[in-house]
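Structure below is my_file.txt: compact mmCIF, C-alpha atoms.
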# COMPACT_ATOMS: atom_id res chain seq x y z
CA MET A 1 33.98 0.73 -32.45
CA GLY A 2 35.91 -1.96 -34.34
CA THR A 3 35.52 -5.72 -34.11
CA PHE A 4 39.10 -6.12 -32.84
CA ALA A 5 38.60 -3.58 -30.06
CA ILE A 6 35.40 -5.31 -28.96
CA ALA A 7 37.13 -8.70 -28.96
CA GLN A 8 39.89 -7.33 -26.73
CA ALA A 9 37.74 -5.33 -24.32
CA LEU A 10 34.60 -7.37 -23.63
CA PRO A 11 36.13 -10.67 -22.41
CA GLN A 12 38.36 -8.76 -19.99
CA LEU A 13 35.40 -6.76 -18.65
CA PHE A 14 33.32 -9.92 -18.17
CA ARG A 15 36.14 -11.57 -16.20
CA GLN A 16 36.58 -8.52 -14.00
CA PHE A 17 32.83 -8.12 -13.48
CA ASN A 18 32.32 -11.75 -12.47
CA ARG A 19 35.44 -11.92 -10.27
CA PRO A 20 36.17 -8.36 -9.12
CA THR A 21 39.13 -7.64 -6.85
CA LEU A 22 36.73 -5.69 -4.63
CA PRO A 23 32.90 -5.63 -4.84
CA SER A 24 33.00 -1.86 -5.25
CA HIS A 25 34.91 -2.30 -8.54
CA ARG A 26 31.83 -3.77 -10.26
CA ALA A 27 30.16 -0.37 -10.71
CA PRO A 28 32.93 1.21 -12.87
CA ILE A 29 33.39 -2.09 -14.73
CA LEU A 30 29.70 -2.19 -15.64
CA ALA A 31 29.81 1.50 -16.56
CA ALA A 32 32.62 0.68 -19.02
CA LEU A 33 30.63 -2.23 -20.45
CA SER A 34 27.58 0.00 -20.91
CA ALA A 35 29.75 2.64 -22.58
CA ILE A 36 30.93 0.06 -25.12
CA LEU A 37 27.35 -1.03 -25.81
CA ILE A 38 26.31 2.60 -26.26
CA ALA A 39 29.21 3.08 -28.70
CA CYS A 40 28.05 0.00 -30.64
CA GLN A 41 24.53 1.42 -30.65
CA SER A 42 25.80 4.67 -32.17
CA VAL A 43 27.50 2.67 -34.94
CA TYR A 44 24.83 0.08 -35.76
CA ALA A 45 21.51 1.71 -34.83
CA PRO A 46 21.26 4.85 -37.02
CA PRO A 47 19.10 4.18 -40.11
CA ALA A 48 21.71 5.77 -42.39
CA SER A 49 24.57 3.68 -40.99
CA THR A 50 26.58 1.63 -43.49
CA ARG A 51 27.63 -0.83 -40.79
CA HIS A 52 25.27 -3.49 -39.47
CA GLN A 53 25.58 -5.89 -36.56
CA ALA A 54 23.82 -8.57 -38.61
CA HIS A 55 26.72 -8.45 -41.12
CA GLU A 56 29.71 -7.83 -38.86
CA ARG A 57 28.41 -9.98 -35.94
CA SER A 58 30.99 -8.36 -33.67
CA LEU A 59 28.80 -8.74 -30.57
CA GLU A 60 27.37 -12.15 -31.38
CA PRO A 61 30.02 -14.25 -29.55
CA TYR A 62 29.38 -12.25 -26.36
CA LYS A 63 25.57 -12.09 -26.41
CA GLU A 64 24.99 -14.47 -23.49
CA SER A 65 27.67 -12.81 -21.36
CA ILE A 66 26.20 -9.37 -22.12
CA LEU A 67 22.69 -10.47 -21.17
CA ASP A 68 23.85 -12.27 -18.02
CA SER A 69 25.79 -9.23 -16.85
CA LEU A 70 22.91 -6.82 -17.52
CA ARG A 71 20.32 -9.06 -15.87
CA GLU A 72 22.44 -9.45 -12.76
CA ALA A 73 23.20 -5.73 -12.62
CA LEU A 74 19.49 -4.83 -12.91
CA ARG A 75 18.97 -6.78 -9.68
CA THR A 76 21.96 -5.29 -7.83
CA ASP A 77 21.98 -2.05 -5.87
CA GLY A 78 24.54 0.41 -7.16
CA LEU A 79 24.55 -1.07 -10.67
CA LYS A 80 21.03 -0.45 -11.92
CA ILE A 81 21.52 2.89 -13.67
CA SER A 82 24.45 1.65 -15.77
CA ALA A 83 22.53 -1.58 -16.44
CA ILE A 84 19.48 0.32 -17.70
CA ARG A 85 21.58 2.41 -20.05
CA GLY A 86 23.40 -0.65 -21.34
CA SER A 87 20.11 -2.53 -21.76
CA VAL A 88 18.57 0.28 -23.80
CA ALA A 89 21.65 0.43 -26.01
CA VAL A 90 21.72 -3.31 -26.70
CA VAL A 91 17.97 -3.44 -27.37
CA ASP A 92 18.33 -0.63 -29.90
CA ILE A 93 20.91 -2.51 -31.99
CA PRO A 94 18.94 -3.93 -34.95
CA GLU A 95 18.70 -7.70 -35.37
CA PHE A 96 20.81 -8.49 -32.33
CA LEU A 97 18.36 -9.60 -29.65
CA THR A 98 15.30 -11.78 -30.08
CA ARG A 99 11.92 -10.60 -28.90
CA HIS A 100 12.09 -12.99 -25.95
CA GLU A 101 15.48 -11.59 -24.88
CA VAL A 102 14.15 -8.04 -25.11
CA GLU A 103 11.15 -9.03 -23.00
CA ASP A 104 13.46 -10.55 -20.41
CA LEU A 105 15.42 -7.29 -20.04
CA LEU A 106 12.21 -5.28 -20.05
CA ARG A 107 10.81 -7.36 -17.20
CA ALA A 108 13.90 -6.63 -15.10
CA MET A 109 13.58 -2.89 -15.85
CA ASN A 110 9.92 -3.01 -14.83
CA ASP A 111 10.90 -4.46 -11.48
CA VAL A 112 13.34 -1.60 -10.94
CA LEU A 113 10.61 0.92 -11.73
CA ILE A 114 7.97 -0.60 -9.45
CA ASN A 115 10.32 -1.17 -6.51
CA GLU A 116 11.51 2.40 -6.50
CA GLU A 117 12.40 2.31 -2.83
CA ASP A 118 15.17 -0.13 -3.80
CA LEU A 119 16.75 2.18 -6.37
CA GLU A 120 20.36 2.95 -5.57
CA THR A 121 21.33 6.32 -4.22
CA ARG A 122 24.92 6.10 -5.43
CA TYR A 123 26.24 5.72 -8.96
CA VAL A 124 29.97 5.25 -9.58
CA GLY A 125 30.82 7.15 -6.43
CA HIS A 126 28.27 9.95 -6.90
CA VAL A 127 25.04 10.47 -4.98
CA VAL A 128 22.01 10.02 -7.26
CA PRO A 129 18.53 11.20 -6.20
CA ARG A 130 15.81 8.57 -6.51
CA LEU A 131 13.90 10.87 -8.87
CA MET A 132 16.88 10.80 -11.23
CA SER A 133 16.95 7.01 -11.03
CA ARG A 134 13.28 6.81 -11.99
CA GLN A 135 13.86 9.21 -14.87
CA VAL A 136 16.62 6.96 -16.20
CA VAL A 137 14.22 4.00 -16.17
CA ILE A 138 11.43 5.96 -17.87
CA LYS A 139 13.81 7.35 -20.48
CA GLY A 140 14.98 3.81 -21.20
CA LEU A 141 11.46 2.41 -21.48
CA SER A 142 10.43 5.30 -23.74
CA ALA A 143 13.38 4.57 -26.02
CA ILE A 144 12.49 0.89 -26.17
CA CYS A 145 8.86 1.77 -26.87
CA GLY A 146 9.78 3.06 -30.30
CA ALA A 147 10.52 -0.44 -31.59
CA TYR A 148 8.73 -2.59 -29.00
CA SER A 149 5.58 -0.67 -28.07
CA SER A 150 3.55 -3.88 -27.91
CA LEU A 151 5.90 -5.22 -25.19
CA ILE A 152 5.52 -2.03 -23.16
CA GLU A 153 1.75 -2.22 -23.60
CA SER A 154 1.51 -5.89 -22.64
CA ALA A 155 4.15 -6.03 -19.89
CA THR A 156 4.93 -2.62 -18.39
CA LEU A 157 1.56 -0.86 -18.36
CA PRO A 158 -0.40 -3.73 -16.75
CA LEU A 159 2.24 -3.93 -14.02
CA LEU A 160 2.06 -0.20 -13.33
CA PHE A 161 -1.74 -0.11 -13.27
CA HIS A 162 -1.86 -3.24 -11.11
CA ASN A 163 0.19 -1.38 -8.51
CA LEU A 164 -2.23 1.56 -8.45
CA PRO A 165 -4.56 1.08 -5.46
CA ASP A 166 -8.32 0.68 -5.94
CA ARG A 167 -8.94 3.03 -3.03
CA ALA A 168 -6.98 5.93 -1.64
CA PRO A 169 -4.28 5.21 0.96
CA SER A 170 -4.98 6.56 4.43
CA THR A 171 -3.53 9.78 5.76
CA THR A 172 -0.90 7.86 7.71
CA ASP A 173 0.22 5.66 4.78
CA VAL A 174 2.85 8.01 3.40
CA VAL A 175 4.72 5.23 1.57
CA ALA A 176 1.63 4.11 -0.38
CA ARG A 177 0.79 7.67 -1.40
CA SER A 178 4.35 8.29 -2.54
CA LYS A 179 4.33 5.04 -4.53
CA TYR A 180 1.10 5.67 -6.42
CA ARG A 181 2.18 9.21 -7.27
CA SER A 182 5.47 7.87 -8.58
CA ILE A 183 3.57 5.33 -10.71
CA LEU A 184 1.27 8.04 -12.07
CA ALA A 185 4.29 10.19 -12.92
CA SER A 186 5.79 7.23 -14.78
CA LEU A 187 2.55 6.59 -16.67
CA ALA A 188 2.28 10.27 -17.56
CA GLU A 189 5.69 10.13 -19.24
CA LEU A 190 5.29 6.74 -20.92
CA CYS A 191 1.75 7.18 -22.20
CA VAL A 192 2.57 10.26 -24.24
CA GLN A 193 3.44 7.61 -26.85
CA GLN A 194 0.55 7.32 -29.31
CA SER A 195 0.40 3.54 -29.01
CA LEU A 196 -0.03 3.71 -25.21
CA PHE A 197 -2.36 6.68 -24.75
CA GLU A 198 -5.57 4.71 -25.28
CA THR A 199 -4.63 2.29 -22.50
CA LEU A 200 -4.08 5.23 -20.14
CA VAL A 201 -7.50 6.69 -20.99
CA ILE A 202 -9.30 3.40 -20.41
CA ARG A 203 -7.52 2.49 -17.18
CA ILE A 204 -7.83 5.93 -15.56
CA ASN A 205 -11.53 6.09 -16.45
CA ASN A 206 -12.00 2.70 -14.80
CA LYS A 207 -10.16 3.79 -11.66
CA LEU A 208 -12.24 6.97 -11.42
CA GLU A 209 -15.51 5.09 -11.80
CA LEU A 210 -14.42 2.65 -9.10
CA LEU A 211 -13.63 5.54 -6.74
CA SER A 212 -16.98 7.19 -7.46
CA SER A 213 -18.89 3.99 -6.69
CA THR A 214 -17.05 3.11 -3.46
CA PRO A 215 -18.64 4.52 -0.28
CA ILE A 216 -16.28 6.94 1.39
CA THR A 217 -17.01 5.51 4.84
CA ALA A 218 -15.62 2.14 3.71
CA ALA A 219 -12.20 3.71 3.29
CA ALA A 220 -11.97 4.85 6.88
CA SER A 221 -9.91 2.61 9.13
CA GLY A 222 -8.25 2.81 12.50
CA ASP A 223 -8.07 6.38 13.77
CA GLU A 224 -9.02 7.84 10.40
CA THR A 225 -12.32 9.72 10.33
CA PRO A 226 -14.76 9.65 7.37
CA ASP A 227 -13.82 13.26 6.60
CA GLU A 228 -10.14 12.34 6.44
CA ALA A 229 -10.94 9.32 4.29
CA ARG A 230 -12.92 11.54 1.93
CA GLU A 231 -10.04 13.99 1.62
CA CYS A 232 -7.67 11.13 0.81
CA THR A 233 -10.08 9.85 -1.86
CA ILE A 234 -10.45 13.33 -3.33
CA ALA A 235 -6.65 13.69 -3.44
CA TYR A 236 -6.31 10.32 -5.21
CA ALA A 237 -9.07 11.13 -7.71
CA TRP A 238 -7.49 14.54 -8.35
CA ASP A 239 -4.10 12.90 -8.98
CA LEU A 240 -5.69 10.50 -11.49
CA VAL A 241 -7.57 13.20 -13.40
CA ASN A 242 -4.61 15.56 -13.29
CA SER A 243 -2.32 12.87 -14.72
CA LEU A 244 -4.70 12.48 -17.65
CA SER A 245 -4.77 16.26 -18.10
CA THR A 246 -0.96 16.42 -18.02
CA VAL A 247 -0.61 13.77 -20.73
CA ILE A 248 -3.20 15.51 -22.92
CA ASP A 249 -1.37 18.85 -22.59
CA THR A 250 1.99 17.22 -23.35
CA LYS A 251 0.63 15.47 -26.43
CA LEU A 252 -1.01 18.62 -27.76
CA THR A 253 2.20 20.57 -27.22
CA ALA A 254 4.00 17.87 -29.23
CA LYS A 255 1.35 18.22 -32.00
CA HIS A 256 0.07 14.66 -31.65
CA VAL A 257 -2.97 14.33 -33.89
CA ASP A 258 -4.39 11.27 -32.13
CA VAL A 259 -5.61 13.08 -29.01
CA ILE A 260 -8.93 14.24 -30.39
CA LYS A 261 -9.85 10.68 -31.40
CA TYR A 262 -10.39 9.95 -27.71
CA PHE A 263 -12.78 12.85 -27.10
CA ASP A 264 -15.71 10.41 -27.00
CA GLN A 265 -13.93 8.21 -24.44
CA ILE A 266 -12.87 11.05 -22.15
CA ILE A 267 -15.41 13.86 -21.99
CA PRO A 268 -18.73 11.94 -21.73
CA ARG A 269 -17.34 9.71 -18.96
CA LEU A 270 -15.85 12.57 -16.94
CA TYR A 271 -19.04 14.60 -17.33
CA GLY A 272 -21.05 11.56 -16.32
CA LEU A 273 -19.11 11.20 -13.06
CA ALA A 274 -19.62 14.88 -12.23
CA VAL A 275 -23.31 14.93 -13.09
CA ALA A 276 -24.00 11.69 -11.19
CA ALA A 277 -22.37 13.26 -8.13
CA ALA A 278 -24.87 16.12 -8.33
CA ALA A 279 -27.73 13.75 -7.45
CA PRO A 280 -29.34 14.17 -4.00
CA ARG A 281 -27.13 13.03 -1.14
CA VAL A 282 -27.54 9.63 0.47
CA GLY A 283 -27.16 10.17 4.22
CA ASP A 284 -24.15 12.25 5.20
CA VAL A 285 -21.90 10.96 2.41
CA VAL A 286 -20.76 13.67 -0.03
CA PRO A 287 -19.77 12.23 -3.46
CA VAL A 288 -16.13 12.64 -4.38
CA PHE A 289 -16.90 14.28 -7.71
CA ARG A 290 -18.74 17.15 -6.06
CA ASP A 291 -15.40 18.53 -4.97
CA ARG A 292 -14.57 21.72 -6.83
CA ARG A 293 -10.88 20.84 -7.11
CA ILE A 294 -11.69 17.77 -9.21
CA LEU A 295 -14.35 19.65 -11.18
CA ASN A 296 -11.81 22.33 -12.06
CA VAL A 297 -9.48 19.75 -13.62
CA ILE A 298 -12.38 18.14 -15.53
CA ALA A 299 -13.36 21.59 -16.79
CA ARG A 300 -9.78 22.23 -17.89
CA ILE A 301 -9.67 18.94 -19.84
CA SER A 302 -13.03 19.73 -21.42
CA GLU A 303 -11.93 23.20 -22.47
CA THR A 304 -8.64 21.89 -23.89
CA LEU A 305 -10.20 19.10 -25.95
CA THR A 306 -13.18 21.13 -27.10
CA SER A 307 -10.87 23.85 -28.42
CA GLU A 308 -9.15 21.19 -30.56
CA LEU A 309 -12.36 20.04 -32.27
CA SER A 310 -12.68 20.93 -35.92
CA THR A 311 -15.97 22.17 -37.37
CA GLU A 312 -16.11 19.13 -39.66
CA TRP A 313 -15.62 16.77 -36.72
CA VAL A 314 -18.40 18.36 -34.66
CA SER A 315 -20.90 18.56 -37.52
CA SER A 316 -20.29 15.09 -38.98
CA GLU A 317 -23.58 13.18 -39.24
CA PRO A 318 -22.57 10.05 -37.27
CA ARG A 319 -21.76 12.26 -34.28
CA GLN A 320 -24.95 14.31 -34.18
CA GLY A 321 -26.63 12.09 -31.58
CA LEU A 322 -23.48 11.80 -29.48
CA ASN A 323 -22.83 15.53 -29.69
CA ALA A 324 -26.33 16.27 -28.44
CA ASP A 325 -25.85 13.92 -25.48
CA VAL A 326 -22.45 15.38 -24.67
CA GLN A 327 -23.83 18.91 -24.91
CA ALA A 328 -26.70 18.05 -22.56
CA THR A 329 -24.29 16.48 -20.08
CA ARG A 330 -21.95 19.43 -20.42
CA THR A 331 -24.81 21.85 -19.69
CA ALA A 332 -25.66 19.89 -16.55
CA PHE A 333 -21.97 19.81 -15.58
CA CYS A 334 -21.56 23.57 -16.02
CA SER A 335 -24.75 24.15 -14.06
CA ARG A 336 -23.38 22.02 -11.24
CA VAL A 337 -20.05 23.90 -11.21
CA GLN A 338 -21.93 27.21 -11.02
CA ARG A 339 -24.06 25.96 -8.11
CA ILE A 340 -20.94 24.86 -6.24
CA ARG A 341 -19.41 28.30 -6.69
CA GLU A 342 -22.56 29.98 -5.40
CA ARG A 343 -23.30 27.50 -2.61
CA PRO A 344 -20.13 25.51 -1.79
CA ASP A 345 -21.68 23.81 1.25
CA GLU A 346 -24.66 22.37 -0.62

Take the structure in the file and write it out as structure tokens.
Amino acid sequence: MGTFAIAQALPQLFRQFNRPTLPSHRAPILAALSAILIACQSVYAPPASTRHQAHERSLEPYKESILDSLREALRTDGLKISAIRGSVAVVDIPEFLTRHEVEDLLRAMNDVLINEEDLETRYVGHVVPRLMSRQVVIKGLSAICGAYSSLIESATLPLLFHNLPDRAPSTTDVVARSKYRSILASLAELCVQQSLFETLVIRINNKLELLSSTPITAAASGDETPDEARECTIAYAWDLVNSLSTVIDTKLTAKHVDVIKYFDQIIPRLYGLAVAAAAPRVGDVVPVFRDRRILNVIARISETLTSELSTEWVSSEPRQGLNADVQATRTAFCSRVQRIRERPDE
């Protein structure tokens, strides 16, 4: 992509995008603009490249027009997929955008991800499933995370976790259930990144503890019975624990060495929730973490992480006290699982 070609193509595309003959023409125009940005990315971004945007400055005269077009497209139905791809490309070009400009684009991409019901279903004349649209956003955020992980951690993750409910949606609230599952799927893909995994562990643990401490009867509303409310809470807790399990499995498959560092933050807290649920019942309320479906996922996480422990890690002197506590809790947890299998109605 030469400087002359960029100088000829971009001004024309900006004019056509801002004053299209027909509104429907904006989608292919933006797709062409994104294609040029992706071509520039392929020239300037590779570490071994001998060409640098900071030296050639071929895009510099058009920076404001590029950003304005991308920001507008990220807010416009039918243009968001091309805008995301163009945004990722321009962010990846070294020394082109400032941190504030990257954050501005990232904020617009976050809005697209959270408001998934607004994602377009058509892209340059082709039908696009919403799942594909979400995957484009996640792929873009994951690419940006390589160079701007602190922005993802400070801007994207808090927004996603803020939109996770503190209690399970009711059986009739299909939209809310679909939304939180979409958010968990997004978190499961993003938080495979080593810099984001700790945040996932902390936030999911907090959500689980909140669910375990909230009376099930308080979740019932309208025509919903306490039993239905309990099933909804169990489903939500299972989705949270299973998301954590999915990320752990993905990271281990990718040979990430940081997973085992969080053993102390994961296993004792999950065991604690299960063992606390084994206490005598209060009234007719059955604790969420007595449910065998949740216990099975906790057991799977425990087995996976325990198998990754090295002999040196387990026997290290600073961990002797912690290991004894974890082992005692694990024994109680296994005992509880066995009792549930023998007497499921207890």

Within 9 Å of A:Leu105 using only C-alpha atoms, minus same-chain residues under 2 positions, as a tab-separated table (two decimals) with C-alpha atoms, in the coordinates of the input:
chain	number	residue	atom	x	y	z
A	67	LEU	CA	22.69	-10.47	-21.17
A	70	LEU	CA	22.91	-6.82	-17.52
A	71	ARG	CA	20.32	-9.06	-15.87
A	74	LEU	CA	19.49	-4.83	-12.91
A	84	ILE	CA	19.48	0.32	-17.70
A	87	SER	CA	20.11	-2.53	-21.76
A	91	VAL	CA	17.97	-3.44	-27.37
A	100	HIS	CA	12.09	-12.99	-25.95
A	101	GLU	CA	15.48	-11.59	-24.88
A	102	VAL	CA	14.15	-8.04	-25.11
A	103	GLU	CA	11.15	-9.03	-23.00
A	107	ARG	CA	10.81	-7.36	-17.20
A	108	ALA	CA	13.90	-6.63	-15.10
A	109	MET	CA	13.58	-2.89	-15.85
A	110	ASN	CA	9.92	-3.01	-14.83

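Of note, atom CA of A:Ala168 and atom CA of A:Asp227 are spaced 13.0 Å apart.
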
Contacts of A:Glu189 at 12 Å (only C-alpha atoms; same-chain gap of 3+ positions) as a PDB file with C-alpha atoms, in the coordinates of the input:
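Output contents, as saved in result.pdb:
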ATOM      1  CA  ARG A 134      13.280   6.810 -11.990  1.00  0.00           C
ATOM      2  CA  GLN A 135      13.860   9.210 -14.870  1.00  0.00           C
ATOM      3  CA  VAL A 136      16.620   6.960 -16.200  1.00  0.00           C
ATOM      4  CA  VAL A 137      14.220   4.000 -16.170  1.00  0.00           C
ATOM      5  CA  ILE A 138      11.430   5.960 -17.870  1.00  0.00           C
ATOM      6  CA  LYS A 139      13.810   7.350 -20.480  1.00  0.00           C
ATOM      7  CA  GLY A 140      14.980   3.810 -21.200  1.00  0.00           C
ATOM      8  CA  LEU A 141      11.460   2.410 -21.480  1.00  0.00           C
ATOM      9  CA  SER A 142      10.430   5.300 -23.740  1.00  0.00           C
ATOM     10  CA  ALA A 143      13.380   4.570 -26.020  1.00  0.00           C
ATOM     11  CA  CYS A 145       8.860   1.770 -26.870  1.00  0.00           C
ATOM     12  CA  LEU A 157       1.560  -0.860 -18.360  1.00  0.00           C
ATOM     13  CA  SER A 182       5.470   7.870  -8.580  1.00  0.00           C
ATOM     14  CA  ILE A 183       3.570   5.330 -10.710  1.00  0.00           C
ATOM     15  CA  LEU A 184       1.270   8.040 -12.070  1.00  0.00           C
ATOM     16  CA  ALA A 185       4.290  10.190 -12.920  1.00  0.00           C
ATOM     17  CA  SER A 186       5.790   7.230 -14.780  1.00  0.00           C
ATOM     18  CA  VAL A 192       2.570  10.260 -24.240  1.00  0.00           C
ATOM     19  CA  GLN A 193       3.440   7.610 -26.850  1.00  0.00           C
ATOM     20  CA  GLN A 194       0.550   7.320 -29.310  1.00  0.00           C
ATOM     21  CA  LEU A 196      -0.030   3.710 -25.210  1.00  0.00           C
ATOM     22  CA  PHE A 197      -2.360   6.680 -24.750  1.00  0.00           C
ATOM     23  CA  LEU A 200      -4.080   5.230 -20.140  1.00  0.00           C
ATOM     24  CA  SER A 243      -2.320  12.870 -14.720  1.00  0.00           C
ATOM     25  CA  LEU A 244      -4.700  12.480 -17.650  1.00  0.00           C
ATOM     26  CA  THR A 246      -0.960  16.420 -18.020  1.00  0.00           C
ATOM     27  CA  VAL A 247      -0.610  13.770 -20.730  1.00  0.00           C
ATOM     28  CA  ILE A 248      -3.200  15.510 -22.920  1.00  0.00           C
ATOM     29  CA  ASP A 249      -1.370  18.850 -22.590  1.00  0.00           C
ATOM     30  CA  THR A 250       1.990  17.220 -23.350  1.00  0.00           C
ATOM     31  CA  LYS A 251       0.630  15.470 -26.430  1.00  0.00           C
TER      32      LYS A 251
END

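Using all atoms listed in the file, the smallest distance between any of A:Glu231, A:Asp111, A:Asp104, A:Glu64 and A:Leu160 comes from A:Asp111.
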
Give me the residues near A:Leu164 as a PDB file with C-alpha atoms, keeping the file's coordinate frame, where near means some atom within 6 Å (using only C-alpha atoms) and where sequence neighbours in that chain fewer than 2 positions away do not count.
ATOM      1  CA  PHE A 161      -1.740  -0.110 -13.270  1.00  0.00           C
ATOM      2  CA  HIS A 162      -1.860  -3.240 -11.110  1.00  0.00           C
ATOM      3  CA  TYR A 180       1.100   5.670  -6.420  1.00  0.00           C
TER       4      TYR A 180
END

For stretch 23-31 of chain A: contacts at 6 Å, all atoms listed in the file, fewer than 3 positions along chain excluded, given as a list in words:
Phe17, Ser34, Leu79, Ser82 and Val124 of chain A
